[in-house]
Structures are given as C-alpha cells and as structure tokens.
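Q: data.cif (mmCIF, C-alpha atoms and all ligand atoms) pasted underneath:
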data_data
#
loop_
_atom_site.label_atom_id
_atom_site.label_comp_id
_atom_site.auth_asym_id
_atom_site.auth_seq_id
_atom_site.Cartn_x
_atom_site.Cartn_y
_atom_site.Cartn_z
CA MET A 325 7.10 27.14 11.79
CA THR A 326 9.20 28.73 9.07
CA CYS A 327 8.73 29.44 5.38
CA ALA A 328 10.24 27.09 2.80
CA CYS A 329 12.46 28.01 -0.19
CA ALA A 330 13.07 26.15 -3.46
CA SER A 331 16.31 24.22 -2.72
CA GLU A 332 14.96 22.45 0.37
CA GLU A 333 13.83 18.86 0.50
CA LEU A 334 10.19 18.96 1.59
CA ILE A 335 8.19 15.79 2.23
CA LEU A 336 4.42 15.69 2.67
CA GLY A 337 3.50 12.97 5.18
CA ILE A 338 0.06 11.32 5.25
CA GLU A 339 -1.12 9.11 8.12
CA THR A 340 -4.52 7.36 8.20
CA SER A 341 -3.74 3.94 9.68
CA CYS A 342 -6.17 4.20 12.59
CA ASP A 343 -8.46 6.98 13.82
CA GLU A 344 -6.32 10.07 13.25
CA THR A 345 -6.36 11.85 9.89
CA ALA A 346 -2.94 13.48 9.90
CA THR A 347 -0.74 15.35 7.45
CA ALA A 348 2.56 17.22 7.83
CA VAL A 349 5.31 18.90 5.87
CA VAL A 350 8.86 18.20 7.06
CA LYS A 351 12.04 19.82 5.74
CA ASP A 352 15.22 17.77 5.27
CA GLY A 353 13.87 14.95 7.43
CA ARG A 354 14.12 17.02 10.60
CA GLN A 355 12.42 20.39 10.62
CA VAL A 356 8.64 20.38 11.13
CA LEU A 357 7.03 23.04 8.92
CA SER A 358 3.48 21.93 9.67
CA SER A 359 1.55 19.20 11.45
CA ILE A 360 -2.22 18.78 11.30
CA ILE A 361 -4.09 16.08 13.22
CA ALA A 362 -7.86 15.66 12.93
CA SER A 363 -8.77 13.24 15.71
CA GLN A 364 -11.88 11.07 15.52
CA GLU A 365 -11.70 10.32 19.26
CA GLN A 366 -15.06 11.90 20.06
CA ILE A 367 -17.02 9.77 17.58
CA HIS A 368 -15.36 6.48 18.50
CA SER A 369 -15.62 7.14 22.24
CA LEU A 370 -19.41 6.86 21.82
CA PHE A 371 -18.82 3.19 20.93
CA GLY A 372 -16.08 2.50 23.52
CA GLY A 373 -13.50 1.80 20.79
CA ILE A 374 -12.68 2.31 17.11
CA VAL A 375 -15.37 1.38 14.58
CA PRO A 376 -13.30 0.66 11.42
CA GLU A 377 -16.07 1.54 8.95
CA ILE A 378 -16.65 4.95 10.58
CA ALA A 379 -12.89 5.57 10.71
CA SER A 380 -12.39 5.07 6.97
CA ARG A 381 -15.42 7.20 6.08
CA LYS A 382 -14.16 10.03 8.26
CA HIS A 383 -10.70 9.82 6.66
CA THR A 384 -12.37 10.16 3.25
CA GLU A 385 -14.29 13.23 4.41
CA LEU A 386 -11.31 14.92 6.05
CA LEU A 387 -8.15 14.05 4.16
CA MET A 388 -8.20 16.63 1.37
CA SER A 389 -8.87 19.58 3.67
CA VAL A 390 -6.34 18.31 6.22
CA THR A 391 -3.74 18.05 3.41
CA GLN A 392 -4.47 21.59 2.26
CA LYS A 393 -4.14 22.82 5.85
CA ALA A 394 -0.68 21.23 6.17
CA LEU A 395 0.45 22.91 2.93
CA ASP A 396 -1.00 26.25 4.04
CA GLN A 397 0.58 26.07 7.48
CA ALA A 398 3.97 25.29 5.87
CA GLN A 399 3.38 28.09 3.33
CA VAL A 400 4.07 25.76 0.40
CA SER A 401 2.17 24.24 -2.52
CA PHE A 402 2.58 20.87 -4.28
CA ASP A 403 5.05 22.65 -6.62
CA ASN A 404 7.49 23.14 -3.72
CA LEU A 405 7.38 19.53 -2.49
CA SER A 406 10.06 16.88 -3.11
CA GLY A 407 8.05 13.77 -2.26
CA ILE A 408 4.97 12.19 -0.69
CA ALA A 409 5.23 9.65 2.15
CA VAL A 410 2.21 7.66 3.24
CA THR A 411 1.62 4.99 5.88
CA ASN A 412 0.72 1.75 4.07
CA GLY A 413 0.58 -0.61 7.07
CA PRO A 414 0.14 -2.11 9.53
CA GLY A 415 -3.27 -0.69 10.47
CA LEU A 416 -6.97 -0.85 9.65
CA ILE A 417 -7.22 -1.84 5.99
CA GLY A 418 -10.11 0.51 5.17
CA SER A 419 -8.36 3.44 6.83
CA LEU A 420 -4.98 2.73 5.21
CA LEU A 421 -6.63 2.50 1.79
CA VAL A 422 -7.92 6.07 2.06
CA GLY A 423 -4.46 7.54 2.75
CA VAL A 424 -2.70 5.38 0.18
CA SER A 425 -5.31 6.09 -2.52
CA ALA A 426 -5.01 9.83 -1.89
CA ALA A 427 -1.20 9.69 -1.95
CA LYS A 428 -1.26 7.75 -5.22
CA ALA A 429 -3.65 10.29 -6.71
CA TYR A 430 -1.38 13.19 -5.65
CA HIS A 431 1.63 11.28 -7.05
CA ALA A 432 -0.16 10.66 -10.39
CA ALA A 433 -1.26 14.29 -10.64
CA THR A 434 2.06 15.91 -9.68
CA GLY A 435 4.73 13.35 -10.63
CA LEU A 436 6.24 13.67 -7.14
CA PRO A 437 8.09 10.58 -5.83
CA LEU A 438 5.86 8.39 -3.64
CA VAL A 439 7.00 6.24 -0.75
CA GLY A 440 5.03 3.80 1.42
CA VAL A 441 6.06 3.86 5.08
CA ASN A 442 5.71 1.16 7.73
CA HIS A 443 3.75 2.66 10.65
CA LEU A 444 6.13 1.29 13.29
CA GLN A 445 9.17 2.51 11.40
CA ALA A 446 7.46 5.90 11.32
CA HIS A 447 6.93 5.86 15.10
CA VAL A 448 10.67 5.25 15.56
CA ALA A 449 11.50 8.01 13.05
CA ALA A 450 9.69 10.60 15.21
CA ASN A 451 12.86 10.56 17.31
CA PHE A 452 14.85 12.18 14.48
CA ALA A 453 12.63 15.30 14.34
CA GLU A 454 14.22 18.51 15.58
CA VAL A 455 11.23 19.30 17.81
CA CYS A 456 12.33 16.48 20.15
CA GLU A 457 14.14 17.75 23.23
CA LYS A 458 17.11 15.51 22.33
CA PRO A 459 16.68 14.44 18.71
CA LEU A 460 18.31 11.16 17.76
CA ARG A 461 21.22 11.68 15.34
CA GLU A 462 22.92 9.20 13.05
CA ALA A 463 25.99 9.54 15.30
CA ASP A 464 23.94 8.18 18.25
CA LEU A 465 23.34 4.88 16.46
CA PRO A 466 23.17 2.01 17.14
CA ALA A 467 20.40 2.62 19.67
CA VAL A 468 17.66 0.54 21.24
CA CYS A 469 14.06 1.67 20.70
CA LEU A 470 11.02 0.62 22.71
CA ILE A 471 7.96 0.81 20.45
CA VAL A 472 4.74 0.77 22.47
CA SER A 473 1.51 1.43 20.62
CA GLY A 474 -2.06 0.10 20.50
CA GLY A 475 -1.00 -3.03 18.61
CA HIS A 476 2.69 -3.45 19.43
CA SER A 477 5.15 -3.66 22.31
CA ASP A 478 8.41 -4.28 20.52
CA LEU A 479 12.09 -3.74 21.20
CA VAL A 480 14.32 -3.02 18.22
CA THR A 481 17.94 -2.06 17.66
CA ILE A 482 18.35 0.79 15.18
CA ALA A 483 21.50 0.48 13.08
CA HIS A 484 20.62 3.27 10.62
CA ALA A 485 17.53 5.45 10.24
CA THR A 486 15.93 2.83 7.95
CA ASP A 487 17.51 -0.31 9.32
CA TYR A 488 16.03 -2.02 12.38
CA GLU A 489 16.37 -5.43 13.94
CA VAL A 490 13.54 -6.70 16.13
CA ILE A 491 14.86 -8.15 19.41
CA GLY A 492 11.61 -8.35 21.41
CA LEU A 493 8.03 -8.78 20.24
CA THR A 494 4.42 -8.62 21.38
CA ARG A 495 3.32 -12.19 22.16
CA ASP A 496 -0.36 -11.34 22.73
CA ASP A 497 -1.93 -8.07 23.99
CA ALA A 498 0.26 -5.03 23.35
CA ALA A 499 0.84 -2.43 26.09
CA GLY A 500 -1.62 0.08 24.60
CA GLU A 501 -4.22 -2.62 24.03
CA ALA A 502 -3.82 -3.72 27.67
CA PHE A 503 -4.37 -0.13 28.86
CA ASP A 504 -7.44 0.18 26.60
CA LYS A 505 -8.95 -3.11 27.83
CA ALA A 506 -8.19 -2.30 31.48
CA ALA A 507 -9.87 1.10 31.07
CA ARG A 508 -12.94 -0.63 29.67
CA VAL A 509 -13.07 -2.99 32.68
CA LEU A 510 -12.79 0.03 35.01
CA GLN A 511 -15.33 1.97 32.92
CA LEU A 512 -12.90 4.83 32.33
CA GLY A 513 -13.74 5.33 28.66
CA TYR A 514 -11.75 5.44 25.43
CA PRO A 515 -8.87 5.92 24.63
CA GLY A 516 -7.86 3.90 27.67
CA GLY A 517 -4.19 4.81 28.12
CA PRO A 518 -4.63 8.51 28.92
CA ALA A 519 -7.77 7.73 30.99
CA MET A 520 -5.88 5.14 33.06
CA ALA A 521 -2.94 7.52 33.54
CA LYS A 522 -5.29 10.25 34.74
CA ALA A 523 -7.20 7.98 37.14
CA ALA A 524 -3.88 6.61 38.44
CA GLU A 525 -2.81 10.08 39.61
CA ALA A 526 -5.15 9.76 42.61
CA GLY A 527 -4.32 6.11 43.27
CA ASN A 528 -1.84 4.02 45.24
CA PRO A 529 0.32 1.91 42.89
CA GLU A 530 0.95 -0.60 45.69
CA ALA A 531 -2.70 -1.09 46.61
CA PHE A 532 -3.05 -4.27 44.52
CA ALA A 533 -0.32 -6.81 43.81
CA LEU A 534 -0.56 -7.38 40.06
CA PRO A 535 1.92 -9.56 38.11
CA ARG A 536 4.92 -8.29 36.09
CA PRO A 537 4.75 -10.87 33.27
CA ARG A 538 8.03 -12.33 32.07
CA ILE A 539 8.69 -14.88 29.31
CA SER A 540 11.80 -16.68 30.67
CA ASP A 541 14.92 -14.82 29.46
CA SER A 542 13.26 -13.47 26.33
CA LEU A 543 12.77 -9.76 25.61
CA ASP A 544 9.24 -10.51 24.32
CA PHE A 545 6.21 -8.98 26.03
CA SER A 546 2.93 -10.56 27.11
CA PHE A 547 0.24 -8.49 28.81
CA SER A 548 -2.83 -10.72 28.53
CA GLY A 549 -2.14 -12.39 31.92
CA LEU A 550 -1.91 -8.98 33.59
CA LYS A 551 -5.21 -7.97 32.04
CA THR A 552 -6.82 -11.20 33.32
CA ALA A 553 -5.38 -10.56 36.81
CA LEU A 554 -7.01 -7.12 36.80
CA ILE A 555 -10.36 -8.56 35.69
CA ARG A 556 -10.20 -11.20 38.48
CA GLN A 557 -9.32 -8.53 41.04
CA VAL A 558 -12.31 -6.42 39.95
CA GLN A 559 -14.65 -9.44 40.08
CA GLU A 560 -13.40 -10.28 43.57
CA LEU A 561 -14.02 -6.71 44.74
CA GLN A 562 -17.47 -6.64 43.17
CA GLY A 563 -18.58 -9.79 44.97
CA GLU A 564 -21.89 -11.45 44.21
CA ASP A 565 -23.91 -8.24 43.95
CA GLU A 566 -21.52 -7.00 41.21
CA ALA A 567 -21.41 -3.46 42.63
CA ALA A 568 -18.99 -1.17 40.79
CA PRO A 569 -15.84 -0.32 42.80
CA ASP A 570 -15.82 3.19 44.31
CA GLU A 571 -13.77 6.04 42.82
CA GLN A 572 -10.76 5.58 45.14
CA THR A 573 -10.64 1.84 44.45
CA VAL A 574 -10.75 2.50 40.70
CA ALA A 575 -7.85 4.96 41.10
CA ASP A 576 -5.88 2.36 43.12
CA LEU A 577 -6.56 -0.31 40.47
CA ALA A 578 -5.51 2.04 37.66
CA ALA A 579 -2.32 3.05 39.52
CA SER A 580 -1.45 -0.59 40.33
CA PHE A 581 -2.07 -1.63 36.71
CA GLN A 582 -0.03 1.25 35.29
CA ALA A 583 2.84 0.43 37.67
CA ALA A 584 2.81 -3.21 36.52
CA VAL A 585 2.89 -2.24 32.81
CA VAL A 586 5.64 0.35 33.35
CA ASP A 587 7.75 -2.04 35.50
CA THR A 588 7.48 -4.73 32.82
CA LEU A 589 8.35 -2.42 29.93
CA THR A 590 11.23 -0.87 31.89
CA ARG A 591 12.67 -4.24 32.96
CA ASN A 592 12.81 -5.66 29.42
CA THR A 593 14.08 -2.40 27.95
CA MET A 594 16.95 -2.13 30.42
CA GLN A 595 17.78 -5.80 29.76
CA ALA A 596 17.88 -5.03 26.01
CA ILE A 597 20.26 -2.12 26.66
CA GLU A 598 22.52 -4.28 28.79
CA GLN A 599 22.59 -7.07 26.22
CA SER A 600 23.28 -4.81 23.26
CA GLY A 601 25.67 -2.43 25.04
CA VAL A 602 24.24 0.68 23.34
CA LYS A 603 24.46 4.15 24.87
CA HIS A 604 21.18 5.56 23.48
CA LEU A 605 17.56 4.58 24.11
CA ALA A 606 14.66 5.94 22.05
CA ILE A 607 10.97 5.42 22.76
CA ALA A 608 8.06 5.55 20.34
CA GLY A 609 4.29 4.95 20.00
CA GLY A 610 1.24 6.16 21.92
CA VAL A 611 2.19 4.55 25.26
CA ALA A 612 5.52 6.42 25.10
CA ALA A 613 3.43 9.51 25.97
CA ASN A 614 2.86 7.96 29.42
CA ARG A 615 4.47 10.18 32.05
CA LEU A 616 5.33 7.42 34.52
CA LEU A 617 7.03 5.37 31.79
CA ARG A 618 9.08 8.40 30.70
CA GLU A 619 10.09 9.14 34.30
CA ARG A 620 11.06 5.54 35.07
CA LEU A 621 13.13 5.12 31.91
CA SER A 622 14.78 8.47 32.50
CA GLU A 623 15.84 7.41 36.03
CA GLU A 624 17.04 3.99 34.92
CA CYS A 625 18.97 5.37 31.95
CA ALA A 626 20.65 8.03 34.10
CA GLY A 627 21.76 5.24 36.46
CA VAL A 628 23.63 3.38 33.70
CA GLY A 629 24.89 6.35 31.65
CA VAL A 630 22.50 5.87 28.75
CA GLU A 631 20.95 8.88 26.97
CA LEU A 632 17.15 8.72 26.70
CA HIS A 633 15.45 10.19 23.61
CA CYS A 634 11.70 10.90 23.98
CA PRO A 635 9.61 12.53 21.26
CA PRO A 636 7.16 15.11 22.65
CA PRO A 637 3.85 13.37 23.56
CA GLU A 638 2.12 14.65 20.39
CA LEU A 639 4.76 12.90 18.27
CA CYS A 640 4.34 9.65 20.26
CA THR A 641 0.67 9.21 19.38
CA ASP A 642 -0.26 8.96 15.69
CA ASN A 643 0.85 11.92 13.56
CA ALA A 644 2.18 12.53 10.06
CA VAL A 645 5.46 14.23 11.00
CA MET A 646 6.90 10.80 11.77
CA VAL A 647 5.72 9.51 8.37
CA ALA A 648 7.39 12.38 6.53
CA VAL A 649 10.65 11.89 8.49
CA ALA A 650 10.69 8.15 7.73
CA GLY A 651 9.82 8.92 4.09
CA HIS A 652 12.81 11.26 3.85
CA TYR A 653 15.23 8.50 4.88
CA LEU A 654 13.54 5.84 2.73
CA LEU A 655 13.70 8.03 -0.37
CA MET A 656 17.45 8.42 0.24
CA THR A 657 18.00 4.67 0.39
CA ARG A 658 15.63 3.03 -2.09
CA GLU A 659 13.67 3.47 -5.30
CA PRO A 660 10.34 5.27 -4.85
CA ASP A 661 7.08 3.33 -5.01
CA ASN A 662 4.55 3.61 -7.81
CA LEU A 663 0.83 3.13 -8.38
CA ASP A 664 1.21 -0.56 -7.40
CA LEU A 665 1.77 0.50 -3.77
CA ASP A 666 -0.46 -1.72 -1.63
CA VAL A 667 -1.61 -1.75 2.00
CA PHE A 668 -1.08 -4.42 4.68
CA SER A 669 -3.01 -4.91 7.90
CA ALA A 670 -0.60 -6.74 10.22
CA MET A 671 3.10 -7.36 10.62
CA PRO A 672 4.20 -10.87 9.72
CA ARG A 673 4.48 -12.85 12.96
CA ALA A 674 7.78 -14.40 14.00
CA CYS A 675 7.42 -18.15 14.63
O1 LIG A 701 0.71 4.85 18.51
P1 LIG A 701 -0.73 5.06 18.79
O2 LIG A 701 -1.25 6.47 18.81
O3 LIG A 701 -1.61 4.26 17.76
C1 LIG A 701 -1.26 2.98 17.32
O4 LIG A 701 -0.38 2.88 16.45
O5 LIG A 701 -1.79 2.01 17.93
O6 LIG A 701 -1.01 4.34 20.18
C2 LIG A 701 -2.29 4.30 20.72
C3 LIG A 701 -2.22 3.64 22.07
C4 LIG A 701 -3.60 3.43 22.67
O7 LIG A 701 -3.68 2.11 23.14
C5 LIG A 701 -3.63 4.44 23.82
O8 LIG A 701 -4.44 4.03 24.89
C6 LIG A 701 -2.17 4.50 24.21
O9 LIG A 701 -1.47 4.44 22.98
N1 LIG A 701 -1.81 5.73 24.91
C7 LIG A 701 -1.36 5.77 26.19
C8 LIG A 701 -1.18 7.14 26.51
N2 LIG A 701 -1.52 7.89 25.41
C9 LIG A 701 -1.90 7.01 24.45
N3 LIG A 701 -1.11 4.78 27.07
C10 LIG A 701 -0.67 5.13 28.29
N4 LIG A 701 -0.49 6.40 28.69
C11 LIG A 701 -0.72 7.44 27.84
N5 LIG A 701 -0.54 8.70 28.24
ZN ZN A 702 0.62 4.42 15.91
#
Here is a file; write its structure as structure tokens.
Ligand code: KG4
Ligand code: ZN
A:
Amino acid sequence: MTCACASEELILGIETSCDETATAVVKDGRQVLSSIIASQEQIHSLFGGIVPEIASRKHTELLMSVTQKALDQAQVSFDNLSGIAVTNGPGLIGSLLVGVSAAKAYHAATGLPLVGVNHLQAHVAANFAEVCEKPLREADLPAVCLIVSGGHSDLVTIAHATDYEVIGLTRDDAAGEAFDKAARVLQLGYPGGPAMAKAAEAGNPEAFALPRPRISDSLDFSFSGLKTALIRQVQELQGEDEAAPDEQTVADLAASFQAAVVDTLTRNTMQAIEQSGVKHLAIAGGVAANRLLRERLSEECAGVGVELHCPPPELCTDNAVMVAVAGHYLLMTREPDNLDLDVFSAMPRAC
C-alpha cells in the first residue's frame, strides 16, 4: 500500500451485493491502495446459507466503519477522492440498497461523481488490477472471460474494459450454486465451494462417475442435472436405513463432483477460445478461486498458446477493489450517475 497525492485518480469502491461488506480505494484503475472486507460468513453459516434480512442489517451496521477503514488504510480522505463506484446489481435487493444508499449519501455530501457498477462486470474488472500476477491490459484484448460465481456461470468476450459480449450463459444452477448445494447434501457446511474443495483433497476424483453436462454445441452451462446425479448417488449409498456416508466416501464424492464441474467449465471455456480465436483468457468470480479449476485451465491454455489471467483468490470472491476498477473505466466512458441510481436483483434472461 502506498500513499496518495493530489493529481491521482482515486476511486472509492463499495460492494454490498451479498454477504460481504467491502470497500476499497484504487488508484488509476489499477493500483490497490486499500481493500477492506467484513465477511458475514460466520453468522450465515449458522443457517446453512445466506439470510437476506440479516445480510442487509449487517451491511447497515458495518458499512460506515468499513468505509472509514478503507480511507485510513489508503491514507486519504473524501477530499482526495475522484469518484465513488458502487455495485447496484445483480444481487440481494436489501443488501444492494444499503451500499447504493450510502454511496448516494456520500455523493450528495461531497459532490464526487457517482457510478453504479454491474457486479459481474466488476468481477471481470478484477483482472485489470496490478496485484494480479499477470494483469489484463487493454493490449491483451479481445479476451475471453469465464465468470463463475454463486449465481452465474457465463462466458463473455471482452472487447474493451467496459464492453462485453455474452457468448455462454447459466441455464439453471450456476457453478457456485451447484457447489453450495452439493456441500449441503454432503453436510460440509457453508460456503460450499471452499468446503467441497477442502474435502476433495482427500478424495478420489474417479471414485464416482458423475455426468459432464453439455447443451448440444452451445457454450451455455447447466449444472442442475449434475447436482441431481450427486443426490441420487448419495441416496443409493445411504440405502434404506439412510446412514450418512463415511468420511472417505464423502471425500470421494466431493472430489468426483469437483472434477465434473471443473471438466465442464474447462471444456466450454476452451471451446469458446477456439471459436473466438483469442490469445488471452481471464477468469472471475468466487469459483475462480478453485485451485483445481486454475490448474486445469493453466494446463489447457499452455497447450494452445493462450495466456491465462487469474486474479488472486481474494479478488475472485466478492471485494470492492473490482468495483473501484470497473468504476474507473465506466467514469472514463460515460456520464456519471445521480441520485436516481437504482438497484436491480437479477440479470435480464436471454430467451
Ligand atoms: O463471486 P462470489 O464471491 O459471490 C457471488 O457473486 O455469488 O462467489 C461465491 C461462490 C459461492 O458459491 C462459493 O461456494 C464459491 O463462489 N466459491 C468456490 C470457492 N470459493 C468460493 N467454489 C469452489 N471452490 C472455491 N475455492
Ligand atoms: Zn460476486
């Protein structure tokens, strides 16, 4: 972290779309001056998943102090900032409203330009941050990006930092959602993705033959059939007495499930690269923190001469650095938002 001086472009990012209250200050769209994440994981894990009402209340309690911490860590005040970027969807409406209301209040009080950022666009933008091992640069574009989060498994082509075209979409359960549901079936707790990855370390990925779902030639994803196959497998193992599978069997199930998700994501992603002829692949979203996925994509990309860009795991899961980076590019390309800025819960679905 470095100290800021007056001529720099400094964006405050605010992220409250789900269960992380996060703020960050980013310089010139690349350099991370601060990043604060207050996770609500512990509270929600008591309920086995996110309770939206609790999430929005916690954001309300935490956001002001988390914002002050980000300013302190960056050694700046509101006077030094150039703009405020806030996630305004998709996400939990009550949670989004807290971040957007706070950002609008800061904007009204300081006169700083305000910009609403799409959460998925923000995930992609994490790849432009300098803290990435190989940050994505404008010169690397066009690139393909695999966005894999709790609600989305999408493939996009990035033409410019703010210009994406969706080429593959979530048809039903997203990759992260599938991990979370599988973890619940295996009683591994919440959040499911990291718990499944950990359990899988001791398991055999070939122990159970689970499907690698494919929708004809499309790049779209569908994971609900895989989830059902896992549930059936568990029921079969449990038999009539419904005894829970032993620890090794759970590890084997987790490893087999993880392998099926990673194979499916890798297959469609490499197909997208082949079809679009790009030389750069970026990954984004919480599931992009998965080690096996990173390893597989790295191997496959090396095999076809494509450069893989991976944000560090803490910039794959929800954070505000990515919001500030996306805000930087949006403020360069369009008029800022105003107090009419609204929130939206879901992406419009393609027919
Ligand atoms: O992007 P994210 O933090 O929040 C959303 O925008 O949804 O993604 C959260 C998702 C959860 O489903 C979580 O289980 C999954 O990302 N996830 C992982 C890993 N870390 C987080 N899935 C697999 N392996 C991981 N290491
Ligand atoms: Zn996210």
Q: With all atoms listed in the file as the basis for distance, which of A:Ile360, A:Pro535, A:Gly440, A:Asp496 is at the shortest distance from A:Ser389?
A: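 Among the listed residues, the smallest separation from A:Ser389 belongs to A:Ile360.
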Q: Around ligand ZN 702 (chain A), at most 9 Å away and counting all atoms listed in the file, which residues are there? Put them as an MDAnalysis selection string, please.
A: chainID A and resid 341:342 415 443:444 446:447 472:476 608:610 640:643
Q: For those residues, write C-alpha atoms to a file as an mmCIF file, keeping the file's coordinate frame.
A:
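Full text of result33.cif as output:
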data_model
loop_
_atom_site.group_PDB
_atom_site.id
_atom_site.type_symbol
_atom_site.label_atom_id
_atom_site.label_comp_id
_atom_site.auth_asym_id
_atom_site.auth_seq_id
_atom_site.Cartn_x
_atom_site.Cartn_y
_atom_site.Cartn_z
ATOM 1 C CA SER A 341 -3.740 3.940 9.680
ATOM 2 C CA CYS A 342 -6.170 4.200 12.590
ATOM 3 C CA GLY A 415 -3.270 -0.690 10.470
ATOM 4 C CA HIS A 443 3.750 2.660 10.650
ATOM 5 C CA LEU A 444 6.130 1.290 13.290
ATOM 6 C CA ALA A 446 7.460 5.900 11.320
ATOM 7 C CA HIS A 447 6.930 5.860 15.100
ATOM 8 C CA VAL A 472 4.740 0.770 22.470
ATOM 9 C CA SER A 473 1.510 1.430 20.620
ATOM 10 C CA GLY A 474 -2.060 0.100 20.500
ATOM 11 C CA GLY A 475 -1.000 -3.030 18.610
ATOM 12 C CA HIS A 476 2.690 -3.450 19.430
ATOM 13 C CA ALA A 608 8.060 5.550 20.340
ATOM 14 C CA GLY A 609 4.290 4.950 20.000
ATOM 15 C CA GLY A 610 1.240 6.160 21.920
ATOM 16 C CA CYS A 640 4.340 9.650 20.260
ATOM 17 C CA THR A 641 0.670 9.210 19.380
ATOM 18 C CA ASP A 642 -0.260 8.960 15.690
ATOM 19 C CA ASN A 643 0.850 11.920 13.560
#
Q: Would you mind listing what lies within 6 Å of stretch 514-521 of chain A as a list in words, with only C-alpha atoms counted and same-chain residues fewer than 3 positions away left out?
A: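 That gives Ser369, Gly372, Phe503, Asp504, Ala507, Ala524 and Ala578 of chain A.
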Q: With C-alpha atoms kept, could you save the residues just selected as a PDB file, keeping the file's coordinate frame?
A:
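Generated file (again_24.pdb):
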ATOM      1  CA  SER A 369     -15.620   7.140  22.240  1.00  0.00           C
ATOM      2  CA  GLY A 372     -16.080   2.500  23.520  1.00  0.00           C
ATOM      3  CA  PHE A 503      -4.370  -0.130  28.860  1.00  0.00           C
ATOM      4  CA  ASP A 504      -7.440   0.180  26.600  1.00  0.00           C
ATOM      5  CA  ALA A 507      -9.870   1.100  31.070  1.00  0.00           C
ATOM      6  CA  ALA A 524      -3.880   6.610  38.440  1.00  0.00           C
ATOM      7  CA  ALA A 578      -5.510   2.040  37.660  1.00  0.00           C
TER       8      ALA A 578
END
Q: Separation of atom CA of A:Gly423 and atom CA of A:Thr340, in Å?
A: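 Atom CA of A:Thr340 lies at a distance of 5.5 Å from atom CA of A:Gly423.
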Q: From the set A:Val422, A:Val448, A:Leu370, A:Met388, which residue has the shortest atom-to-atom contact distance to A:Ala648, counting all atoms listed in the file?
A: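 Once distances to A:Ala648 are computed over all atoms listed in the file, the minimum belongs to A:Val448.
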Q: When you look at stretch 659-666 of chain A with a cut-off of 10 Å (counting all atoms listed in the file), what residues show up, excluding the ones that are within fewer than 4 positions of it in the same chain? I need them as a compact mmCIF listing (two decimals) with C-alpha atoms, in the frame of the given file.
A:
# COMPACT_ATOMS: atom_id res chain seq x y z
CA GLY A 407 8.05 13.77 -2.26
CA ILE A 408 4.97 12.19 -0.69
CA ALA A 409 5.23 9.65 2.15
CA ASN A 412 0.72 1.75 4.07
CA GLY A 413 0.58 -0.61 7.07
CA LEU A 420 -4.98 2.73 5.21
CA LEU A 421 -6.63 2.50 1.79
CA VAL A 424 -2.70 5.38 0.18
CA SER A 425 -5.31 6.09 -2.52
CA ALA A 427 -1.20 9.69 -1.95
CA LYS A 428 -1.26 7.75 -5.22
CA ALA A 429 -3.65 10.29 -6.71
CA HIS A 431 1.63 11.28 -7.05
CA ALA A 432 -0.16 10.66 -10.39
CA LEU A 436 6.24 13.67 -7.14
CA PRO A 437 8.09 10.58 -5.83
CA LEU A 438 5.86 8.39 -3.64
CA VAL A 439 7.00 6.24 -0.75
CA GLY A 440 5.03 3.80 1.42
CA GLY A 651 9.82 8.92 4.09
CA LEU A 654 13.54 5.84 2.73
CA LEU A 655 13.70 8.03 -0.37
Q: Using Å and a single decimal, report how far atom CA of A:Gln397 sits from atom CA of A:Val441.
A: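 Rounded to one decimal, the two atoms are 23.0 Å apart.
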Q: Work out how far apart atom CA of A:Glu385 and atom CA of A:Phe402 are and give it in Å to one decimal.
A: 20.5 Å
